[in-house]
$ cat data07.tsv   # TSV, C-alpha atoms
chain	number	residue	atom	x	y	z
U	1	MET	CA	0.00	0.00	0.00
U	2	THR	CA	0.99	3.62	-0.36
U	3	ILE	CA	-0.15	6.49	1.84
U	4	GLU	CA	-0.33	10.11	0.70
U	5	LEU	CA	-1.31	12.96	3.03
U	6	LYS	CA	-3.08	16.07	1.76
U	7	PRO	CA	-3.68	18.97	4.17
U	8	PHE	CA	-6.45	21.44	3.32
U	9	ARG	CA	-7.72	24.69	4.78
U	10	LEU	CA	-11.47	24.71	4.19
U	11	ALA	CA	-13.11	28.15	4.05
U	12	LEU	CA	-16.56	28.28	5.66
U	13	ALA	CA	-19.49	30.01	3.97
U	14	HIS	CA	-20.25	31.83	7.25
U	15	THR	CA	-18.46	32.33	10.55
U	16	PHE	CA	-19.41	29.29	12.63
U	17	THR	CA	-19.88	29.80	16.36
U	18	ILE	CA	-20.74	27.41	19.18
U	19	SER	CA	-20.74	28.03	22.93
U	20	ARG	CA	-16.94	27.74	23.27
U	21	GLU	CA	-15.40	28.84	19.97
U	22	SER	CA	-15.82	30.58	16.65
U	23	HIS	CA	-14.03	30.11	13.32
U	24	ASP	CA	-14.04	30.99	9.60
U	25	PHE	CA	-11.77	28.19	8.38
U	26	GLN	CA	-11.47	24.49	9.11
U	27	ASP	CA	-8.12	22.75	8.74
U	28	SER	CA	-8.43	19.19	7.54
U	29	LEU	CA	-6.18	16.26	6.63
U	30	VAL	CA	-7.11	13.87	3.82
U	31	VAL	CA	-5.45	10.46	3.68
U	32	CYS	CA	-5.11	8.75	0.28
U	33	LEU	CA	-4.60	4.99	0.67
U	34	SER	CA	-3.72	3.17	-2.56
U	35	ASP	CA	-3.39	-0.50	-3.39
U	36	LYS	CA	-3.88	-2.66	-6.50
U	37	GLY	CA	-4.88	0.27	-8.69
U	38	HIS	CA	-7.51	1.66	-6.33
U	39	THR	CA	-7.40	4.63	-3.96
U	40	GLY	CA	-9.49	5.16	-0.87
U	41	PHE	CA	-9.91	8.52	0.80
U	42	GLY	CA	-10.37	9.39	4.46
U	43	GLU	CA	-10.50	12.66	6.36
U	44	ALA	CA	-10.15	14.09	9.84
U	45	THR	CA	-10.49	17.72	10.82
U	46	ALA	CA	-8.24	19.63	13.19
U	47	ASN	CA	-9.84	20.39	16.56
U	48	GLY	CA	-8.60	22.96	19.05
U	49	TYR	CA	-10.77	21.58	21.87
U	50	TYR	CA	-8.89	18.25	21.61
U	51	GLN	CA	-5.57	19.91	20.66
U	52	ILE	CA	-5.44	18.25	17.24
U	53	THR	CA	-3.92	19.98	14.21
U	54	SER	CA	-3.39	18.83	10.63
U	55	ALA	CA	0.34	18.95	11.30
U	56	SER	CA	0.09	16.83	14.46
U	57	MET	CA	-1.95	14.20	12.60
U	58	ALA	CA	0.51	14.14	9.71
U	59	LYS	CA	3.42	13.76	12.14
U	60	GLU	CA	1.73	10.79	13.86
U	61	ILE	CA	0.97	9.04	10.58
U	62	GLU	CA	4.41	9.67	9.11
U	63	ALA	CA	6.01	8.15	12.22
U	64	CYS	CA	4.43	4.78	11.43
U	65	GLN	CA	3.94	5.17	7.68
U	66	ASP	CA	6.53	2.58	6.65
U	67	HIS	CA	4.95	0.01	8.98
U	68	LEU	CA	1.46	0.74	7.64
U	69	GLU	CA	2.53	0.65	4.01
U	70	ALA	CA	4.12	-2.77	4.54
U	71	HIS	CA	0.74	-4.20	5.58
U	72	ILE	CA	-0.81	-6.68	3.13
U	73	PHE	CA	-4.28	-5.21	2.82
U	74	SER	CA	-7.15	-7.70	2.96
U	75	HIS	CA	-9.93	-6.17	5.08
U	76	PRO	CA	-10.40	-2.86	6.94
U	77	LYS	CA	-10.96	-4.69	10.24
U	78	GLU	CA	-7.49	-6.23	10.02
U	79	PHE	CA	-6.00	-2.87	9.09
U	80	TYR	CA	-7.80	-1.30	12.05
U	81	LYS	CA	-6.16	-3.78	14.41
U	82	LEU	CA	-2.83	-2.55	13.08
U	83	LEU	CA	-3.92	1.08	13.63
U	84	LEU	CA	-4.84	0.35	17.24
U	85	ALA	CA	-1.31	-0.88	17.84
U	86	GLN	CA	0.23	2.43	16.69
U	87	LYS	CA	0.72	5.66	18.63
U	88	LEU	CA	-2.05	7.52	16.87
U	89	SER	CA	-4.75	9.90	18.04
U	90	ASN	CA	-8.29	8.84	17.18
U	91	PHE	CA	-8.40	11.70	14.66
U	92	SER	CA	-5.43	10.26	12.71
U	93	ARG	CA	-6.84	6.77	13.12
U	94	CYS	CA	-10.16	7.98	11.72
U	95	ALA	CA	-8.65	9.36	8.52
U	96	LEU	CA	-6.75	6.12	7.90
U	97	ASP	CA	-9.74	3.90	8.75
U	98	LEU	CA	-12.11	5.84	6.48
U	99	ALA	CA	-9.59	5.53	3.65
U	100	ALA	CA	-9.29	1.78	4.24
U	101	TRP	CA	-13.06	1.25	4.07
U	102	ASP	CA	-13.35	3.39	0.93
U	103	LEU	CA	-10.49	1.43	-0.65
U	104	TYR	CA	-12.05	-1.91	0.29
U	105	GLY	CA	-15.44	-1.03	-1.18
U	106	LYS	CA	-13.86	0.23	-4.38
U	107	MET	CA	-11.95	-3.04	-4.68
U	108	LEU	CA	-15.21	-4.97	-4.32
U	109	LYS	CA	-17.13	-2.42	-6.44
U	110	LYS	CA	-19.78	-2.22	-3.74
U	111	PRO	CA	-20.93	0.65	-1.52
U	112	LEU	CA	-20.22	0.11	2.15
U	113	TYR	CA	-23.87	0.06	3.19
U	114	GLN	CA	-24.30	-3.04	0.98
U	115	ILE	CA	-21.15	-4.66	2.34
U	116	TRP	CA	-22.58	-4.15	5.85
U	117	GLY	CA	-25.85	-5.84	4.87
U	118	THR	CA	-28.08	-2.75	4.94
U	119	SER	CA	-30.26	-1.10	2.31
U	120	LEU	CA	-31.49	2.37	1.43
U	121	ASP	CA	-35.15	1.49	2.04
U	122	TYR	CA	-35.10	3.88	4.99
U	123	TYR	CA	-32.59	6.40	6.28
U	124	PRO	CA	-32.88	9.60	8.33
U	125	THR	CA	-32.71	13.12	6.90
U	126	THR	CA	-29.77	15.24	7.90
U	127	ASN	CA	-30.33	18.41	9.87
U	128	TYR	CA	-28.77	21.72	8.85
U	129	THR	CA	-26.86	23.52	11.61
U	130	ILE	CA	-27.39	27.15	12.57
U	131	GLY	CA	-24.43	28.41	14.60
U	132	ILE	CA	-24.71	30.99	17.37
U	133	ASP	CA	-25.11	34.51	16.03
U	134	SER	CA	-27.43	37.48	16.33
U	135	ILE	CA	-31.06	36.45	15.90
U	136	GLU	CA	-31.13	38.51	12.70
U	137	ASN	CA	-28.19	36.59	11.25
U	138	MET	CA	-29.53	33.21	12.40
U	139	LEU	CA	-32.81	33.97	10.66
U	140	ALA	CA	-30.94	35.01	7.53
U	141	LYS	CA	-29.07	31.69	7.49
U	142	MET	CA	-32.36	29.81	7.79
U	143	LYS	CA	-33.89	31.76	4.93
U	144	GLU	CA	-30.77	31.15	2.84
U	145	LYS	CA	-31.10	27.39	3.43
U	146	PRO	CA	-34.77	26.28	3.75
U	147	TRP	CA	-34.55	22.87	5.41
U	148	PRO	CA	-36.89	20.34	7.10
U	149	ILE	CA	-34.68	19.92	10.21
U	150	TYR	CA	-32.43	22.47	11.89
U	151	LYS	CA	-29.89	21.93	14.64
U	152	ILE	CA	-29.61	25.18	16.58
U	153	LYS	CA	-26.42	25.83	18.49
U	154	LEU	CA	-27.09	27.39	21.91
U	155	GLY	CA	-25.14	28.40	25.01
U	156	THR	CA	-26.02	32.08	25.44
U	157	GLN	CA	-28.02	34.11	27.95
U	158	GLU	CA	-30.90	34.28	25.46
U	159	ASP	CA	-31.28	30.66	24.36
U	160	VAL	CA	-35.04	30.31	24.70
U	161	ALA	CA	-35.58	33.71	23.08
U	162	ILE	CA	-33.45	32.61	20.12
U	163	VAL	CA	-35.49	29.47	19.55
U	164	LYS	CA	-38.75	31.38	19.97
U	165	ALA	CA	-37.68	33.94	17.37
U	166	LEU	CA	-36.61	31.24	14.90
U	167	ARG	CA	-39.78	29.25	15.45
U	168	ALA	CA	-41.87	32.21	14.35
U	169	HIS	CA	-40.45	31.80	10.85
U	170	THR	CA	-40.57	28.04	10.23
U	171	GLN	CA	-42.40	24.83	11.10
U	172	ALA	CA	-39.24	22.77	10.58
U	173	ILE	CA	-38.12	20.26	13.21
U	174	PHE	CA	-35.71	21.84	15.71
U	175	ARG	CA	-32.91	20.14	17.61
U	176	VAL	CA	-30.74	22.10	20.02
U	177	ASP	CA	-27.11	21.60	21.02
U	178	ALA	CA	-25.74	23.43	24.07
U	179	ASN	CA	-22.20	22.01	23.72
U	180	CYS	CA	-21.78	21.59	27.50
U	181	ALA	CA	-22.85	25.18	28.31
U	182	TRP	CA	-25.84	24.66	30.64
U	183	SER	CA	-26.30	23.77	34.29
U	184	VAL	CA	-28.79	21.18	35.60
U	185	SER	CA	-31.39	23.80	36.51
U	186	GLU	CA	-30.97	25.65	33.19
U	187	THR	CA	-31.43	22.41	31.27
U	188	LEU	CA	-34.61	21.42	33.11
U	189	GLU	CA	-36.14	24.88	32.80
U	190	ASN	CA	-35.09	25.32	29.18
U	191	ALA	CA	-36.43	21.88	28.28
U	192	LYS	CA	-39.96	22.88	29.32
U	193	GLU	CA	-39.89	25.98	27.15
U	194	LEU	CA	-38.18	24.22	24.26
U	195	GLN	CA	-40.71	21.40	24.29
U	196	ARG	CA	-43.47	23.97	23.78
U	197	LEU	CA	-41.49	25.36	20.86
U	198	GLY	CA	-41.37	22.00	19.09
U	199	VAL	CA	-37.80	21.00	19.87
U	200	GLU	CA	-37.14	17.28	19.25
U	201	PHE	CA	-34.21	16.73	21.62
U	202	ILE	CA	-31.36	18.41	23.49
U	203	GLU	CA	-27.76	17.48	22.72
U	204	GLN	CA	-25.06	17.55	25.43
U	205	PRO	CA	-26.45	20.18	27.82
U	206	LEU	CA	-23.89	19.66	30.61
U	207	ALA	CA	-20.12	19.37	30.70
U	208	ALA	CA	-18.88	15.95	29.60
U	209	ASN	CA	-17.90	14.76	33.09
U	210	GLN	CA	-21.09	15.85	34.89
U	211	TRP	CA	-22.53	12.35	35.22
U	212	GLU	CA	-24.46	12.95	38.45
U	213	GLY	CA	-25.97	16.08	36.99
U	214	MET	CA	-26.91	14.24	33.79
U	215	LYS	CA	-28.61	11.53	35.82
U	216	GLU	CA	-30.78	14.19	37.47
U	217	VAL	CA	-31.53	15.79	34.13
U	218	TYR	CA	-32.33	12.40	32.57
U	219	GLU	CA	-34.79	11.59	35.35
U	220	ASN	CA	-36.60	14.94	35.12
U	221	SER	CA	-36.27	16.33	31.60
U	222	VAL	CA	-39.37	16.58	29.44
U	223	LEU	CA	-37.17	16.27	26.32
U	224	PRO	CA	-34.89	13.43	25.21
U	225	LEU	CA	-31.15	13.92	25.69
U	226	MET	CA	-28.33	13.01	23.31
U	227	ALA	CA	-24.71	12.52	24.38
U	228	ASP	CA	-21.88	14.01	22.36
U	229	GLU	CA	-18.85	15.10	24.39
U	230	SER	CA	-19.79	12.46	27.01
U	231	CYS	CA	-19.57	9.65	24.45
U	232	LEU	CA	-16.34	9.75	22.49
U	233	LEU	CA	-15.22	6.12	22.47
U	234	PRO	CA	-16.75	2.63	22.31
U	235	SER	CA	-15.97	2.30	26.02
U	236	ASP	CA	-18.23	5.31	26.77
U	237	VAL	CA	-21.44	3.88	25.35
U	238	ALA	CA	-22.58	1.80	28.33
U	239	ALA	CA	-22.07	4.73	30.74
U	240	CYS	CA	-24.65	6.75	28.80
U	241	LEU	CA	-27.45	4.39	29.79
U	242	GLY	CA	-29.54	6.09	32.46
U	243	HIS	CA	-27.98	9.47	31.65
U	244	PHE	CA	-28.93	10.01	28.00
U	245	HIS	CA	-31.58	8.65	25.64
U	246	GLY	CA	-29.15	8.30	22.77
U	247	ILE	CA	-25.60	8.93	21.57
U	248	ASN	CA	-24.19	11.16	18.84
U	249	ILE	CA	-21.08	9.47	17.43
U	250	LYS	CA	-18.35	11.54	15.78
U	251	LEU	CA	-16.07	9.52	13.51
U	252	THR	CA	-13.08	11.73	14.22
U	253	LYS	CA	-13.46	11.35	17.97
U	254	CYS	CA	-14.09	7.60	18.11
U	255	GLY	CA	-11.47	6.62	15.52
U	256	GLY	CA	-13.43	6.02	12.33
U	257	LEU	CA	-16.06	3.74	10.82
U	258	SER	CA	-14.72	0.58	12.49
U	259	ALA	CA	-15.23	2.05	15.96
U	260	ALA	CA	-18.55	3.65	14.99
U	261	LEU	CA	-19.96	0.32	13.83
U	262	SER	CA	-19.28	-1.22	17.23
U	263	MET	CA	-20.74	1.80	19.03
U	264	ILE	CA	-23.94	1.66	16.97
U	265	ALA	CA	-24.34	-2.05	17.67
U	266	GLU	CA	-23.83	-1.61	21.42
U	267	ALA	CA	-26.14	1.39	21.63
U	268	LYS	CA	-28.91	-0.52	19.87
U	269	SER	CA	-28.44	-3.48	22.21
U	270	LEU	CA	-28.90	-1.10	25.18
U	271	GLY	CA	-31.99	0.57	23.73
U	272	LEU	CA	-30.20	3.88	23.08
U	273	LYS	CA	-31.00	5.96	20.00
U	274	THR	CA	-28.19	6.24	17.47
U	275	MET	CA	-26.96	9.34	15.69
U	276	VAL	CA	-23.80	10.20	13.81
U	277	GLY	CA	-22.66	13.80	13.73
U	278	CYS	CA	-20.04	15.65	11.75
U	279	MET	CA	-17.46	18.33	12.13
U	280	THR	CA	-17.14	20.75	9.21
U	281	GLU	CA	-15.66	18.07	6.99
U	282	SER	CA	-15.58	18.05	3.23
U	283	SER	CA	-17.50	15.44	1.27
U	284	VAL	CA	-14.68	12.99	2.04
U	285	GLY	CA	-15.79	12.63	5.65
U	286	ILE	CA	-19.49	13.26	4.96
U	287	SER	CA	-19.65	10.49	2.33
U	288	ALA	CA	-18.30	8.01	4.88
U	289	ILE	CA	-21.01	9.04	7.36
U	290	ALA	CA	-23.64	8.54	4.64
U	291	GLN	CA	-22.79	4.83	4.39
U	292	LEU	CA	-23.98	4.40	8.00
U	293	LEU	CA	-27.36	6.03	7.41
U	294	PRO	CA	-29.53	2.88	7.29
U	295	GLN	CA	-28.31	2.00	10.80
U	296	LEU	CA	-29.17	5.37	12.37
U	297	ASP	CA	-32.13	7.09	13.99
U	298	TYR	CA	-30.76	10.61	13.39
U	299	VAL	CA	-27.91	12.17	11.46
U	300	ASP	CA	-26.05	15.47	11.35
U	301	MET	CA	-23.99	15.37	8.15
U	302	ASP	CA	-24.20	18.92	6.86
U	303	GLY	CA	-20.48	19.73	7.19
U	304	ALA	CA	-19.80	20.07	3.47
U	305	LEU	CA	-22.87	22.29	3.08
U	306	LEU	CA	-21.23	24.80	5.43
U	307	LEU	CA	-18.16	25.21	3.20
U	308	LYS	CA	-17.56	27.86	0.54
U	309	ASN	CA	-16.04	25.23	-1.74
U	310	ASP	CA	-15.90	21.46	-1.41
U	311	ILE	CA	-12.72	19.51	-2.22
U	312	ALA	CA	-14.38	16.22	-3.18
U	313	LYS	CA	-17.51	14.63	-4.53
U	314	GLY	CA	-19.35	11.62	-3.18
U	315	ILE	CA	-22.71	11.77	-1.44
U	316	GLN	CA	-24.77	14.61	-2.86
U	317	ILE	CA	-27.13	16.43	-0.50
U	318	ASN	CA	-29.78	18.05	-2.67
U	319	SER	CA	-31.58	21.33	-2.03
U	320	ASP	CA	-34.70	19.49	-0.80
U	321	ALA	CA	-32.57	17.50	1.72
U	322	SER	CA	-32.82	14.31	-0.35
U	323	LEU	CA	-29.63	12.38	-1.12
U	324	THR	CA	-28.04	11.10	-4.30
U	325	PHE	CA	-25.67	8.24	-3.49
U	326	PRO	CA	-22.48	7.87	-5.54
U	327	SER	CA	-22.13	5.03	-8.06
U	328	LEU	CA	-18.55	4.21	-7.01
U	329	GLY	CA	-17.89	1.50	-4.44
U	330	GLY	CA	-16.81	2.17	-0.88
U	331	SER	CA	-17.88	5.61	0.30
U	332	GLY	CA	-17.83	6.70	-3.34
U	333	ILE	CA	-15.28	9.48	-2.89
U	334	GLU	CA	-13.38	11.30	-5.63
U	335	LEU	CA	-11.12	14.28	-4.91
U	336	LEU	CA	-11.79	17.31	-7.12
$ encode --input "data07.tsv" --output "structure tokens"
Amino acid sequence: MTIELKPFRLALAHTFTISRESHDFQDSLVVCLSDKGHTGFGEATANGYYQITSASMAKEIEACQDHLEAHIFSHPKEFYKLLLAQKLSNFSRCALDLAAWDLYGKMLKKPLYQIWGTSLDYYPTTNYTIGIDSIENMLAKMKEKPWPIYKIKLGTQEDVAIVKALRAHTQAIFRVDANCAWSVSETLENAKELQRLGVEFIEQPLAANQWEGMKEVYENSVLPLMADESCLLPSDVAACLGHFHGINIKLTKCGGLSAALSMIAEAKSLGLKTMVGCMTESSVGISAIAQLLPQLDYVDMDGALLLKNDIAKGIQINSDASLTFPSLGGSGIELL
């Protein structure tokens, strides 16, 4: 096998703000994994919260590149075992694992969802994310992108007022994500108001380590609760039972599709709802998420829609929120 690393700086269409940070660009690393005339592509974004940069990922991969390239590729699961044995962050592992699955599917000339024994008879619609901004600007973003489901980023002193103002202009489904910004009492009070405003669920209201607080919220909230920062790894899934109603898996945080598949299976066995979320990836990362859709209850895969210009093609998210799946095998990714 050969590995090529391609760093990108992705310009966002709008400044994107959540409760703890704001940015106009997203650094990203694309891994190109080639073998037997086929190339698979994987991606992981830089993340300041987890102290991950494109350069740090490249350094990690380059340190074990010779060892990885010597591997006789047969199946992504075997390759993933090799990745687990290396000194890699989950972000670097994710980019390599996504590339391996894309490569494998292209070799078999089958999309991954078929390889995993699922079909496109049903899959959830992605939400479109509205970052924190003035109410005027948040409304403008909604009008720019009419959509059936919005995820609204919160974590301000005016959260309920924001949702109330947005609700006056659309009957779309709302989901809210506080990104760890609320207290127990805020969450319980906000949930009552948000339920009346047609919010479907609340994502990660408390800080990731506030398990006692989440138990109290879980027992008293009128809205369902989804874990994000509290559920990074396969080993975190079981702890969410009795604290959240479901989990939002991020491929970059858990280490890729291989880890996500195990997390989905465990969550389902525990009766937890399953969701996969995105960073602001290009269509490289988003197309990998799309292959998991038949296994999910919810999905947040709008990352490429938030970019000024995409760097790849694969899954196509149409203006009516429908999807056009690529004809290529694997995740169906081609770099532009």
$ closest_residue --input "data07.tsv" --among "U:Pro111, U:Lys192, U:His243, U:Pro234" --to "Lys215 in chain U" --atoms "all atoms listed in the file"
U:His243
$ atom_distance --input "data07.tsv" --atom1 "CA of Trp147 in chain U" --atom2 "CA of Ile132 in chain U"
17.5 Å
$ closest_residue --input "data07.tsv" --among "U:Ser282, U:Ser262, U:Thr17, U:Gln157" --to "Leu29 in chain U" --atoms "all atoms listed in the file"
U:Ser282
$ closest_residue --input "data07.tsv" --among "U:Ala165, U:Leu232, U:Cys64, U:Leu188" --to "Ala208 in chain U" --atoms "only C-alpha atoms"
U:Leu232
$ atom_distance --input "data07.tsv" --atom1 "CA of Pro124 in chain U" --atom2 "CA of Ile289 in chain U"
11.9 Å
$ closest_residue --input "data07.tsv" --among "U:Asn179, U:Asn190, U:Ser89, U:Thr53" --to "Glu158 in chain U" --atoms "only C-alpha atoms"
U:Asn190
$ closest_residue --input "data07.tsv" --among "U:Asn137, U:Thr126, U:Ser322, U:Thr45" --to "Val284 in chain U" --atoms "all atoms listed in the file"
U:Thr45
$ residues_around --input "data07.tsv" --residues "Leu108 in chain U" --least-positions-apart "5" --cutoff "10 Å" --atoms "only C-alpha atoms" --output "list in words"
Leu103, Ile115, Gly329 and Gly330 of chain U
$ atom_distance --input "data07.tsv" --atom1 "CA of Leu233 in chain U" --atom2 "CA of Ala304 in chain U"
24.0 Å
$ closest_residue --input "data07.tsv" --among "U:Leu5, U:Ala168, U:Ala13, U:Ala321" --to "Ala58 in chain U" --atoms "all atoms listed in the file"
U:Leu5
$ residues_around --input "data07.tsv" --residues "Ser230 in chain U" --least-positions-apart "4" --cutoff "9 Å" --atoms "only C-alpha atoms" --output "number ranges by chain"
U: 204, 207-211, 236-237, 239-240, 247
$ closest_atom_pairs --input "data07.tsv" --of "range 28-57 of chain U" --to "range 70-85 of chain U" --cutoff "12 Å" --atoms "all atoms listed in the file" --output "JSON lines"
{"residue": "U:Leu33", "atom": "CA", "partner": "U:Phe73", "partner_atom": "CA", "distance": 10.4}
{"residue": "U:Ser34", "atom": "CA", "partner": "U:Phe73", "partner_atom": "CA", "distance": 10.0}
{"residue": "U:Asp35", "atom": "CA", "partner": "U:Phe73", "partner_atom": "CA", "distance": 7.8}
{"residue": "U:Lys36", "atom": "CA", "partner": "U:Phe73", "partner_atom": "CA", "distance": 9.7}
{"residue": "U:His38", "atom": "CA", "partner": "U:Phe73", "partner_atom": "CA", "distance": 11.9}
{"residue": "U:Gly40", "atom": "CA", "partner": "U:Pro76", "partner_atom": "CA", "distance": 11.2}
$ axis_aligned_box --input "data07.tsv" --around "range 91-109 of chain U" --padding-each-side "4 Å" --output "JSON"
{"center_x": -11.3, "center_y": 3.4, "center_z": 4.1, "size_x": 19.7, "size_y": 24.7, "size_z": 29.1}
$ residues_around --input "data07.tsv" --residues "Leu272 in chain U" --least-positions-apart "3" --cutoff "9 Å" --atoms "only C-alpha atoms" --output "MDAnalysis selection string"
chainID U and resid 240:241 244:247 266:269
$ residues_around --input "data07.tsv" --residues "Ile315 in chain U" --least-positions-apart "5" --cutoff "12 Å" --atoms "all atoms listed in the file" --output "PyMOL selection string"
chain U and resi 111+282-291+293+301-305+310+321-334
$ residues_near_point --input "data07.tsv" --point "(-35.0, 7.4, 18.1)" --cutoff "7 Å" --atoms "only C-alpha atoms" --output "PDB file with C-alpha atoms, in the coordinates of the input"
ATOM      1  CA  LYS U 273     -31.000   5.960  20.000  1.00  0.00           C
ATOM      2  CA  THR U 274     -28.190   6.240  17.470  1.00  0.00           C
ATOM      3  CA  ASP U 297     -32.130   7.090  13.990  1.00  0.00           C
TER       4      ASP U 297
END
